[in-house]
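Visitor: Structure incoming, see below.
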Amino acid sequence: MVMSCCNFAASAPTSGKKPNIVFILTDDQGYGDLSCHGNPILKTPNLDRLHNEGVRFTDFHVSPTCSPTRSALLTGRHEFKNGVTHTILERERLTLKATTIAQVLKRAGYTTGIFGKWHLGDEPDHWPDKRGFDEMFIHGAGGIGQTYPGSCGDAPGNTYFNPAILHNGKFVNTQGYCTDVFFGQAVQWMEKVKGGQPFYAQITLNAPHAPLQVRPEDEARYAGKVGAANVAKFFGMIANIDDNVGRLLDKLRDWGIERGTLVVFMNDNGGTGGVRVFNAGMRGAKNTAWLGGTRAASFWRWPGTLTPRDVNALAAHIDFFPTIAEIAGAKLGEDLKVQIEGRSLVPLLENSDAPWPDRFLFTHQGRWPKDANPNEFKFRMCSVRTPRWHLVSDTGGAQPNWQLFDVKTDYGETRDAAAGHADVVKELSSAYDRWWDSVQLMLVNEKAIGPKLNPFKELFWKQFGGGPSEEDLREMDPKRIPELGGGATKKARKP
């Protein structure tokens, strides 16, 4: 365990303090893929440092997949109310009617930058530079090199090594491994802007999402230590992330801005490649409504202001927006107060025992087939959560198949308590029905028709020459509709 070298003072009021903010979000890393959470193989000393030196939310939940989580983080409301019900098929596009936390921070005097994964719309009017980000350094689609029919696709031939990245509207050819490139660009930007207005740097990584393209030296750290080669690759990708987090923290210290910078770390959905090694005793993984599909790390490190400790209150991705806005001293108009469903975590950041009323949190996998009636999938992989109870329907459709778990005594969700608590099932299922009805008019992307060519590819060919091959056209054919989660490009090609 890496011990803190920082001098932490007693917690100070955080509202309106306007620190620099660095938000790090990893892709497909699970709650159990951290040594500070008990992983017996993986070593993450720098992420452990964020844990040990920060406020840790131990019951923090996100969405089962990546685009939905990102939309909820940026808007403070459930992903379905942003029109985001999938990760492809135009259903990953964040509605243009939503206001993002980056826009709010700009109004509060911040300069803003995003580095890595966006995955909320690849068409130019949906890009981050139209959603409040001054600096944009992103790949397309949900992962480097991916392509789907419609608007969701990355630059042609991209891989995790030397990727072509969209930088403020033009592609640049980078050198190095993608995670190193994204952290390096973020650090370069922070060094340039520090000392002026406060900055918000959003480092949203595509790693350790598949394909498991990893530096050989990172894979070698775990080769022979785990049963499957892919797990060694997956852990190696996380080790590389951890190294970069360490270098970032060192930079903040060397620049003399450590005590004026809030660093937040999260993962975007339940575990994937590492769950066979360790899943913190939870049931389920990515794509599921079980706790193993939604529980995430949530570390908030701010030396001299936040006292390191655990917070056990039930919290979620929708709480990120109002928390950051309050810390930044942002003024929220009535339109934003209506948009935001989450709660500011500031009281809990300052006092673990602050009043925190019970709440309902709603999860739905989404991902029903294209042009399907969502009501036919109303109860497919969904749940309702309160501090004590978790009501789950994993195999339902138009009708539920509810199971109930007392997560205070059964966090592994092994004992269905529905038969003995019919009143709880009725209360939570009624809340779910009301919630489902409330989101229907906001599912604005269900009938969306995407462009014939992926926007990233079209821009790439315009900038560098060339055009679509027969394989490109097959990949982007709207008739080639993936099933509930498949359909990514399997083979990357050189541009």
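Letters for chains follow the order of the structure tokens (A, B, ...), residue numbers begin at 1 for each chain, and ligand numbers begin at 1 in the order shown.
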Excluding same-chain residues fewer than 3 positions from stretch 456-467 of chain A, what lies within 7 Å of it counting only C-alpha atoms, as an MDAnalysis selection string?

Guide: chainID A and resid 122 140 153:156 171 453

Visitor: List as JSON lines every residue of stretch 283-310 of chain A that is in contact with stretch 387-393 of chain A, defined as an atom at most 9 Å from one of its atoms (using only C-alpha atoms), together with the nearest atom pair and the distance in Å rounded to one decimal, sorted by chain and then rising number.

Guide:
{"residue": "A:Ala289", "atom": "CA", "partner": "A:Val392", "partner_atom": "CA", "distance": 7.0}
{"residue": "A:Trp290", "atom": "CA", "partner": "A:Val392", "partner_atom": "CA", "distance": 7.1}
{"residue": "A:Leu291", "atom": "CA", "partner": "A:His390", "partner_atom": "CA", "distance": 8.5}

Visitor: Find the spatial neighbours of stretch 93-109 of chain A, counting only C-alpha atoms, within a cut-off of 7 Å - ignore same-chain residues fewer than 3 positions away - and output them as a ChimeraX atom specification.

Guide: /A:71,74-75,82-84,90,112,120-121,131-133,197,321,325,328-330

Visitor: Per residue of stretch 10-128 of chain A within 9 Å of stretch 366-376 of chain A, what are the shortest atom pair and its distance in Å to one decimal, counting only C-alpha atoms, with rows by chain and residue number, as CSV?

Guide:
residue,atom,partner,partner_atom,distance
A:Phe80,CA,A:Gly366,CA,8.6
A:Val84,CA,A:Gly366,CA,8.5
A:Thr85,CA,A:Gly366,CA,4.9
A:His86,CA,A:Arg367,CA,4.9
A:Thr87,CA,A:Arg367,CA,7.8
A:Ile88,CA,A:Arg367,CA,8.8
A:Leu89,CA,A:Lys370,CA,7.4
A:Arg91,CA,A:Arg367,CA,8.9

Visitor: Please list as number ranges by chain every residue within 10 Å of stretch 29-32 of chain A, counting only C-alpha atoms and excluding residues in the same chain fewer than 4 positions away.

Guide: A: 25, 36-40, 42, 58, 60, 207-209, 234-235, 237-238, 266-275, 277-282, 285-286, 292-298

Visitor: Please measure the separation of atom CA of A:Phe199 and atom CA of A:Ile324, giving the value in Å to one decimal.

Guide: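 According to the coordinates, atom CA of A:Phe199 and atom CA of A:Ile324 are separated by 12.3 Å.
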